[in-house]
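Printed here is coords-v4.cif (mmCIF, C-alpha atoms):
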```
data_entry
loop_
_atom_site.label_atom_id
_atom_site.label_comp_id
_atom_site.auth_asym_id
_atom_site.auth_seq_id
_atom_site.Cartn_x
_atom_site.Cartn_y
_atom_site.Cartn_z
CA MET A 1239 0.00 0.00 0.00
CA LYS A 1240 1.44 3.37 -1.02
CA ILE A 1241 0.83 6.19 1.47
CA PHE A 1242 1.29 9.88 0.71
CA VAL A 1243 1.74 12.94 2.94
CA LYS A 1244 -0.60 15.87 2.39
CA ALA A 1245 0.61 18.02 5.30
CA TYR A 1246 2.60 17.70 8.52
CA VAL A 1247 2.83 19.55 11.80
CA SER A 1248 5.25 19.39 14.68
CA ILE A 1249 4.98 20.96 18.12
CA SER A 1250 7.97 20.94 20.48
CA ASP A 1251 8.68 22.88 23.67
CA ASP A 1252 9.76 25.98 21.78
CA GLN A 1253 8.64 25.67 18.19
CA VAL A 1254 5.65 24.94 15.99
CA LEU A 1255 6.22 23.92 12.38
CA VAL A 1256 3.56 23.53 9.71
CA ASN A 1257 4.90 21.80 6.61
CA GLY A 1258 8.36 22.68 7.92
CA GLU A 1259 7.60 26.40 8.21
CA PRO A 1260 7.72 27.96 11.70
CA LEU A 1261 4.51 29.42 13.08
CA THR A 1262 4.94 32.69 14.95
CA ILE A 1263 3.82 32.24 18.55
CA GLN A 1264 3.08 35.30 20.68
CA SER A 1265 4.02 34.52 24.26
CA GLU A 1266 1.75 36.08 26.85
CA GLU A 1267 2.86 36.10 30.46
CA GLY A 1268 0.92 33.76 32.70
CA LYS A 1269 -0.27 31.59 29.83
CA SER A 1270 1.03 28.11 29.09
CA TRP A 1271 2.93 27.31 25.90
CA LEU A 1272 -0.05 25.36 24.56
CA ALA A 1273 -2.44 28.24 25.36
CA ASN A 1274 -0.08 30.65 23.59
CA ILE A 1275 -0.15 28.41 20.50
CA TYR A 1276 -3.98 28.32 20.68
CA TYR A 1277 -4.28 32.12 20.84
CA SER A 1278 -1.54 32.73 18.26
CA ALA A 1279 -3.25 30.43 15.78
CA GLY A 1280 -6.53 32.29 16.34
CA PHE A 1281 -8.51 29.22 17.39
CA GLN A 1282 -11.87 29.75 19.11
CA VAL A 1283 -12.86 26.42 20.65
CA PRO A 1284 -13.53 27.00 24.38
CA LYS A 1285 -13.55 23.24 25.04
CA PHE A 1286 -9.78 23.36 24.50
CA PHE A 1287 -9.36 24.76 28.02
CA LYS A 1288 -11.25 21.85 29.56
CA MET A 1289 -8.85 19.31 28.06
CA ASP A 1290 -5.82 17.74 29.69
CA ASN A 1291 -2.42 18.61 28.25
CA LEU A 1292 -2.17 15.51 26.03
CA CYS A 1293 -5.50 16.35 24.41
CA LYS A 1294 -4.57 20.02 24.09
CA ALA A 1295 -1.36 19.02 22.31
CA GLY A 1296 -3.12 16.60 19.97
CA PHE A 1297 -5.99 19.03 19.39
CA LEU A 1298 -3.59 21.83 18.38
CA GLY A 1299 -1.65 19.53 16.06
CA ALA A 1300 -4.79 18.24 14.37
CA GLU A 1301 -6.30 21.72 14.13
CA LEU A 1302 -3.19 23.11 12.43
CA LEU A 1303 -2.98 20.07 10.16
CA MET A 1304 -6.59 20.17 9.02
CA SER A 1305 -6.68 23.93 8.57
CA GLN A 1306 -3.56 23.61 6.39
CA LEU A 1307 -5.63 21.32 4.15
CA GLY A 1308 -8.58 23.70 4.21
CA MET A 1309 -10.77 21.12 5.93
CA VAL A 1310 -13.90 22.41 7.69
CA PRO A 1311 -14.19 20.87 11.18
CA GLU A 1312 -17.99 20.74 11.12
CA GLU A 1313 -18.18 18.71 7.91
CA PRO A 1314 -18.48 14.93 8.48
CA LYS A 1315 -15.46 13.00 7.21
CA LYS A 1316 -16.46 9.45 6.43
CA ASP A 1317 -13.19 8.79 4.62
CA TRP A 1318 -10.86 9.73 7.51
CA SER A 1319 -9.38 7.88 10.49
CA VAL A 1320 -7.15 9.12 13.32
CA ILE A 1321 -4.35 6.94 14.66
CA LEU A 1322 -1.76 8.18 17.15
CA MET A 1323 1.24 6.76 18.99
CA SER A 1324 2.47 7.95 22.37
CA HIS A 1325 5.07 6.96 24.94
CA SER A 1326 3.37 8.31 28.07
CA GLY A 1327 -0.23 8.28 26.92
CA SER A 1328 -2.40 9.88 29.59
CA LEU A 1329 0.19 9.46 32.38
CA ASP A 1330 0.53 13.24 32.84
CA ASP A 1331 -3.20 13.54 33.60
CA ASP A 1332 -3.18 10.25 35.56
CA THR A 1333 -0.60 11.80 37.88
CA ILE A 1334 -2.66 14.96 38.36
CA TYR A 1335 -5.73 12.84 39.13
CA GLN A 1336 -3.74 10.75 41.61
CA GLN A 1337 -2.94 13.94 43.53
CA THR A 1338 -6.67 14.60 44.03
CA ILE A 1339 -7.10 11.23 45.79
CA GLN A 1340 -3.69 10.89 47.45
CA THR A 1341 -4.67 11.61 51.05
CA ALA A 1342 -7.77 10.61 52.99
CA ASP A 1343 -8.21 14.04 54.59
CA ASN A 1344 -8.04 15.82 51.23
CA TYR A 1345 -9.85 13.27 49.09
CA PHE A 1346 -11.67 15.18 46.36
CA PRO A 1347 -11.43 13.23 43.09
CA SER A 1348 -11.88 15.62 40.20
CA PRO A 1349 -14.38 14.42 37.56
CA ALA A 1350 -13.00 16.86 35.00
CA VAL A 1351 -9.49 15.44 35.44
CA PHE A 1352 -10.70 11.84 35.64
CA VAL A 1353 -12.39 11.89 32.24
CA TYR A 1354 -9.01 12.37 30.57
CA THR A 1355 -7.26 9.47 32.32
CA LEU A 1356 -7.33 7.34 29.17
CA SER A 1357 -4.94 7.69 26.25
CA ASN A 1358 -7.64 7.13 23.64
CA ILE A 1359 -9.41 10.33 24.69
CA VAL A 1360 -6.98 12.37 22.62
CA THR A 1361 -7.97 10.62 19.40
CA GLY A 1362 -11.61 10.79 20.50
CA GLU A 1363 -11.42 14.56 20.96
CA ILE A 1364 -9.86 14.95 17.51
CA ALA A 1365 -12.44 12.64 15.94
CA ILE A 1366 -15.33 14.53 17.57
CA ARG A 1367 -13.96 17.94 16.64
CA HIS A 1368 -13.40 17.00 12.98
CA LYS A 1369 -16.30 14.55 12.67
CA ILE A 1370 -13.95 11.74 11.68
CA MET A 1371 -15.96 8.54 11.22
CA GLY A 1372 -13.18 5.98 10.69
CA GLU A 1373 -10.91 4.23 13.20
CA SER A 1374 -9.85 6.28 16.25
CA SER A 1375 -7.05 4.85 18.40
CA CYS A 1376 -4.00 5.85 20.39
CA PHE A 1377 -1.30 3.19 20.74
CA ILE A 1378 1.34 3.21 23.46
CA ALA A 1379 4.88 2.54 22.27
CA GLU A 1380 8.29 2.77 23.93
CA LYS A 1381 9.47 4.96 21.07
CA TYR A 1382 8.59 5.95 17.53
CA THR A 1383 9.87 3.55 14.88
CA PRO A 1384 9.07 3.92 11.18
CA ALA A 1385 8.25 0.20 10.88
CA THR A 1386 5.63 0.30 13.67
CA ALA A 1387 4.30 3.61 12.39
CA CYS A 1388 3.87 2.18 8.90
CA ASP A 1389 2.09 -0.90 10.28
CA LEU A 1390 -0.34 1.15 12.35
CA ALA A 1391 -1.01 3.70 9.63
CA THR A 1392 -1.55 0.97 7.02
CA ASN A 1393 -4.07 -0.77 9.27
CA GLY A 1394 -5.87 2.55 9.80
CA PHE A 1395 -6.74 2.75 6.11
CA LEU A 1396 -9.68 0.75 4.88
CA PRO A 1397 -9.90 1.52 1.17
CA GLU A 1398 -12.62 -1.08 0.67
CA LYS A 1399 -14.72 0.89 3.20
CA GLY A 1400 -13.71 4.24 1.73
CA ILE A 1401 -11.23 5.21 4.48
CA ARG A 1402 -8.51 6.78 2.35
CA ASN A 1403 -7.27 9.60 4.61
CA GLN A 1404 -5.77 9.64 8.05
CA ILE A 1405 -4.41 11.85 10.78
CA PHE A 1406 -1.43 9.86 11.97
CA GLY A 1407 1.48 10.58 14.25
CA TRP A 1408 3.18 10.83 17.58
CA CYS A 1409 1.52 12.70 20.44
CA GLU A 1410 3.39 13.05 23.69
CA TYR A 1411 2.96 15.29 26.73
CA MET A 1412 4.63 14.66 30.06
CA ASP A 1413 5.98 16.83 32.87
CA GLY A 1414 5.56 20.05 30.93
CA HIS A 1415 7.24 18.76 27.77
CA VAL A 1416 5.38 18.40 24.51
CA ASP A 1417 6.34 16.45 21.40
CA VAL A 1418 3.70 16.26 18.68
CA ARG A 1419 4.41 15.19 15.10
CA LEU A 1420 1.29 14.69 13.05
CA PHE A 1421 0.85 13.83 9.41
CA ALA A 1422 -2.17 14.08 7.15
CA LEU A 1423 -1.78 10.87 5.19
CA SER A 1424 -3.68 9.76 2.13
CA LEU A 1425 -3.85 6.91 -0.33
CA ASP A 1426 -4.29 9.49 -3.07
CA GLU A 1427 -1.12 11.02 -4.48
CA GLN A 1428 -2.77 14.13 -5.91
CA ASN A 1429 -1.65 17.36 -4.17
CA SER A 1430 0.64 15.36 -1.89
CA LEU A 1431 4.08 16.33 -0.65
CA GLY A 1432 5.41 12.89 -1.55
CA GLU A 1433 5.34 9.28 -0.47
CA TRP A 1434 5.49 8.55 3.26
CA LYS A 1435 7.44 5.58 4.55
CA GLY A 1436 7.04 6.13 8.27
CA ASP A 1437 9.80 8.68 8.64
CA PHE A 1438 9.55 10.99 11.62
CA ARG A 1439 11.14 13.89 9.76
CA LEU A 1440 10.44 14.81 6.16
CA MET B 1246 -24.05 37.31 50.50
CA SER B 1247 -22.43 39.53 47.85
CA GLU B 1248 -18.96 38.53 49.09
CA LEU B 1249 -19.91 34.84 48.86
CA ILE B 1250 -21.24 35.34 45.34
CA GLU B 1251 -18.02 37.05 44.29
CA ASN B 1252 -15.88 34.28 45.81
CA LEU B 1253 -18.07 31.63 44.22
CA LYS B 1254 -17.73 33.16 40.78
CA ASN B 1255 -13.94 33.06 41.05
CA GLU B 1256 -13.99 29.49 42.39
CA VAL B 1257 -16.21 28.36 39.51
CA ILE B 1258 -13.95 30.05 36.95
CA GLU B 1259 -10.92 28.27 38.40
CA ALA B 1260 -12.56 24.87 38.93
CA LEU B 1261 -14.12 24.74 35.46
CA ASN B 1262 -11.20 26.32 33.56
CA LEU B 1263 -13.39 29.09 32.14
CA GLU B 1264 -10.42 30.65 30.35
CA GLY B 1265 -10.62 34.34 29.62
CA MET B 1266 -13.70 34.87 31.77
CA SER B 1267 -13.74 37.24 34.73
CA ALA B 1268 -16.09 37.29 37.72
CA ALA B 1269 -17.55 40.57 36.48
CA GLU B 1270 -18.67 38.89 33.26
CA ILE B 1271 -20.78 36.31 35.09
CA ASP B 1272 -24.36 37.32 35.82
CA GLU B 1273 -25.18 35.58 39.10
CA ASN B 1274 -28.79 35.12 37.98
CA ALA B 1275 -28.00 33.68 34.54
CA PRO B 1276 -28.52 29.92 34.09
CA LEU B 1277 -25.39 27.82 34.55
CA PHE B 1278 -26.67 25.16 32.17
CA ASN B 1279 -28.43 25.87 28.90
CA GLY B 1280 -28.87 22.42 27.46
CA GLY B 1281 -26.02 22.79 24.99
CA ASP B 1282 -27.73 25.62 23.12
CA PRO B 1283 -24.89 28.02 22.17
CA THR B 1284 -27.37 30.83 21.50
CA ALA B 1285 -28.96 30.57 24.96
CA PRO B 1286 -27.70 32.83 27.74
CA GLY B 1287 -25.58 31.52 30.59
CA LEU B 1288 -22.32 29.67 31.00
CA GLY B 1289 -23.26 26.61 28.94
CA LEU B 1290 -21.84 24.11 31.40
CA ASP B 1291 -22.03 20.36 30.79
CA SER B 1292 -22.55 17.23 32.93
CA ILE B 1293 -18.86 16.95 33.88
CA ASP B 1294 -18.96 20.58 35.02
CA ALA B 1295 -21.96 19.69 37.20
CA LEU B 1296 -19.94 16.95 38.91
CA GLU B 1297 -17.07 19.39 39.37
CA LEU B 1298 -19.44 21.87 41.06
CA ILE B 1299 -20.56 19.14 43.47
CA VAL B 1300 -16.90 18.49 44.37
CA LEU B 1301 -16.31 22.24 44.74
CA MET B 1302 -19.16 22.56 47.25
CA GLU B 1303 -17.85 19.66 49.30
CA ARG B 1304 -14.19 20.73 49.19
CA ASN B 1305 -14.67 24.45 49.82
CA TYR B 1306 -17.82 24.55 51.93
CA GLY B 1307 -18.12 21.09 53.48
CA ILE B 1308 -21.47 20.44 51.80
CA LYS B 1309 -22.19 16.91 50.67
CA LEU B 1310 -25.26 16.61 48.47
CA LYS B 1311 -27.34 13.71 49.74
CA ASN B 1312 -29.92 13.73 46.98
CA ALA B 1313 -28.83 14.17 43.36
CA SER B 1314 -32.23 15.56 42.41
CA GLU B 1315 -31.54 18.57 44.65
CA GLY B 1316 -28.87 19.64 42.19
CA LYS B 1317 -31.37 20.84 39.62
CA ASP B 1318 -32.50 23.66 41.89
CA ILE B 1319 -29.18 24.34 43.59
CA PHE B 1320 -27.21 24.69 40.35
CA LYS B 1321 -29.67 26.92 38.52
CA SER B 1322 -27.37 29.90 38.86
CA ILE B 1323 -24.52 31.29 40.93
CA ALA B 1324 -27.14 33.06 43.07
CA THR B 1325 -29.02 29.82 43.90
CA MET B 1326 -25.72 28.09 44.66
CA ALA B 1327 -24.71 30.91 46.99
CA GLU B 1328 -28.06 30.81 48.76
CA TYR B 1329 -27.80 27.06 49.34
CA ILE B 1330 -24.18 27.35 50.50
CA SER B 1331 -24.98 30.14 52.96
CA LYS B 1332 -27.67 27.96 54.59
CA ASN B 1333 -25.79 24.65 54.61
CA ARG B 1334 -22.06 25.33 54.79
CA THR B 1335 -20.02 23.63 57.49
CA LYS B 1336 -16.77 25.44 56.75
#
```
Translate the structure of the given file into structure tokens.
Amino acid sequence: MKIFVKAYVSISDDQVLVNGEPLTIQSEEGKSWLANIYYSAGFQVPKFFKMDNLCKAGFLGAELLMSQLGMVPEEPKKDWSVILMSHSGSLDDDTIYQQTIQTADNYFPSPAVFVYTLSNIVTGEIAIRHKIMGESSCFIAEKYTPATACDLATNGFLPEKGIRNQIFGWCEYMDGHVDVRLFALSLDEQNSLGEWKGDFRL
Amino acid sequence: MSELIENLKNEVIEALNLEGMSAAEIDENAPLFNGGDPTAPGLGLDSIDALELIVLMERNYGIKLKNASEGKDIFKSIATMAEYISKNRTK
């Protein structure tokens, strides 16, 4: 199966790249790096602020990716799937939740934190936002390898069911550090940036 | 009561991550929940927010709701929350 890249986005601790071009981020004092990206990109989705950091990171990556392709979030996408890989999954949020139930005399489990204690929520949030109807899964992996990435991405396409496009990539947030590398992949070569063979960097 | 309302507004903003919203922008008589209608007035909170408000009342005011059906009246607005808290708080 030949897979092509239509667009790619990366978010690190100090840089956001869309198709390799840096996005200018205005840093406002008191706001987190992810919030600064949100405001700088001009997004207006209040639910963003309810999300845990993993979902915020994935949401921003997907939003930048899809807007680069001119996709309208509200339009149903029956031919798309979203498959992500992560090392820590939801561990960052798990840790925050643990703190709300750590001691008996201060035992106030937070429902809003609890709902994000599952790695698959990040792909769910992206699928809901962009009305993606195909497969939605986040796989935990020790590290990113092109071979595993190719396997997962290939299985996320179902051409016989019409699933010919995919948001695929690595989505990691832990201890204040973010590493997101998302690709808009397609089985159709038209308007692509080239063939994708699982490489992390293009 | 006005001091409690002001404190409650700030606690709700913090607990529910209502980014960019100030206490002054919240009408204490506006509905907290509007059934997901973005054109309706109010804060447009959802079911997870409702659970978070229950935790807030217990953590900050020592109030444990015994009957879930009470919530419908208590969480109508910031004003109804404040009224209930002022009558039932243990801390």
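Run against this file, the PyMOL selection byres ((chain A) within 10 of (chain B)) gives back Ala1273, Pro1284, Lys1285, Phe1286, Phe1287, Lys1288, Met1289, Asn1344, Tyr1345, Phe1346, Pro1347, Ser1348, Pro1349, Ala1350, Val1351, Phe1352 and Val1353 of chain A.
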Q. Written as a ChimeraX atom specification, what is the full residue list that the PyMOL selection byres ((chain B and resi 1331) around 12) yields on the file shown?
A. /B:1246-1250,1253,1302,1306-1308,1319,1324-1330,1332-1336
Include C-alpha atoms and write out the residues we just selected as a short mmCIF file (atom, residue, chain, number, x, y, z; two decimals), keeping the file's coordinate frame.
```cif
data_model
loop_
_atom_site.label_atom_id
_atom_site.label_comp_id
_atom_site.auth_asym_id
_atom_site.auth_seq_id
_atom_site.Cartn_x
_atom_site.Cartn_y
_atom_site.Cartn_z
CA MET B 1246 -24.05 37.31 50.50
CA SER B 1247 -22.43 39.53 47.85
CA GLU B 1248 -18.96 38.53 49.09
CA LEU B 1249 -19.91 34.84 48.86
CA ILE B 1250 -21.24 35.34 45.34
CA LEU B 1253 -18.07 31.63 44.22
CA MET B 1302 -19.16 22.56 47.25
CA TYR B 1306 -17.82 24.55 51.93
CA GLY B 1307 -18.12 21.09 53.48
CA ILE B 1308 -21.47 20.44 51.80
CA ILE B 1319 -29.18 24.34 43.59
CA ALA B 1324 -27.14 33.06 43.07
CA THR B 1325 -29.02 29.82 43.90
CA MET B 1326 -25.72 28.09 44.66
CA ALA B 1327 -24.71 30.91 46.99
CA GLU B 1328 -28.06 30.81 48.76
CA TYR B 1329 -27.80 27.06 49.34
CA ILE B 1330 -24.18 27.35 50.50
CA LYS B 1332 -27.67 27.96 54.59
CA ASN B 1333 -25.79 24.65 54.61
CA ARG B 1334 -22.06 25.33 54.79
CA THR B 1335 -20.02 23.63 57.49
CA LYS B 1336 -16.77 25.44 56.75
#
```
Q: May I have the residues within 7 Å of Leu1423 of chain A as a count of residues only, using all atoms listed in the file and disregarding those fewer than 3 positions away in the same chain?
A: 8
Q) Which neighbours of Gly1280 of chain A fall inside 12 Å, counting only C-alpha atoms, when residues of the same chain fewer than 5 positions from it are skipped, and could you give them as a ChimeraX atom specification? A) /A:1261-1264,1273-1275,1298,1301-1302,1305
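Here atom CA of Asp1330 of chain A and atom CA of Gln1306 of chain A stand 28.7 Å from one another.
We find atom CA of Asp1417 of chain A and atom CA of Trp1318 of chain A to be spaced 23.1 Å apart.
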Q. Which polymer residues have any atom within 6 Å of an atom of Ser1322 of chain B, counting only C-alpha atoms, with same-chain residues fewer than 3 positions away left out, as a list in words?
A. Asn1274, Ala1275, Pro1276, Leu1277 and Thr1325 of chain B
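Neighbours of Glu1410 of chain A closer than or equal to 7 Å, with only C-alpha atoms counted and sequence neighbours fewer than 4 positions away skipped, come out as Leu1292, Ser1324, His1325, Ser1326, Gly1327, Val1416, Asp1417 and Val1418 of chain A.
The coordinates place atom CA of Asp1332 of chain A at 28.0 Å from atom CA of Pro1384 of chain A.
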Nearby residues (all atoms listed in the file) at most 12 Å from Glu1433 of chain A, same-chain spacing under 4 positions excluded, as a compact mmCIF listing (two decimals) with C-alpha atoms, in the frame of the given file:
```
# COMPACT_ATOMS: atom_id res chain seq x y z
CA MET A 1239 0.00 0.00 0.00
CA LYS A 1240 1.44 3.37 -1.02
CA ILE A 1241 0.83 6.19 1.47
CA PHE A 1242 1.29 9.88 0.71
CA VAL A 1243 1.74 12.94 2.94
CA LYS A 1244 -0.60 15.87 2.39
CA ALA A 1245 0.61 18.02 5.30
CA CYS A 1388 3.87 2.18 8.90
CA PHE A 1421 0.85 13.83 9.41
CA ALA A 1422 -2.17 14.08 7.15
CA LEU A 1423 -1.78 10.87 5.19
CA SER A 1424 -3.68 9.76 2.13
CA LEU A 1425 -3.85 6.91 -0.33
CA ASP A 1426 -4.29 9.49 -3.07
CA GLU A 1427 -1.12 11.02 -4.48
CA GLN A 1428 -2.77 14.13 -5.91
CA ASN A 1429 -1.65 17.36 -4.17
CA ASP A 1437 9.80 8.68 8.64
CA LEU A 1440 10.44 14.81 6.16
```
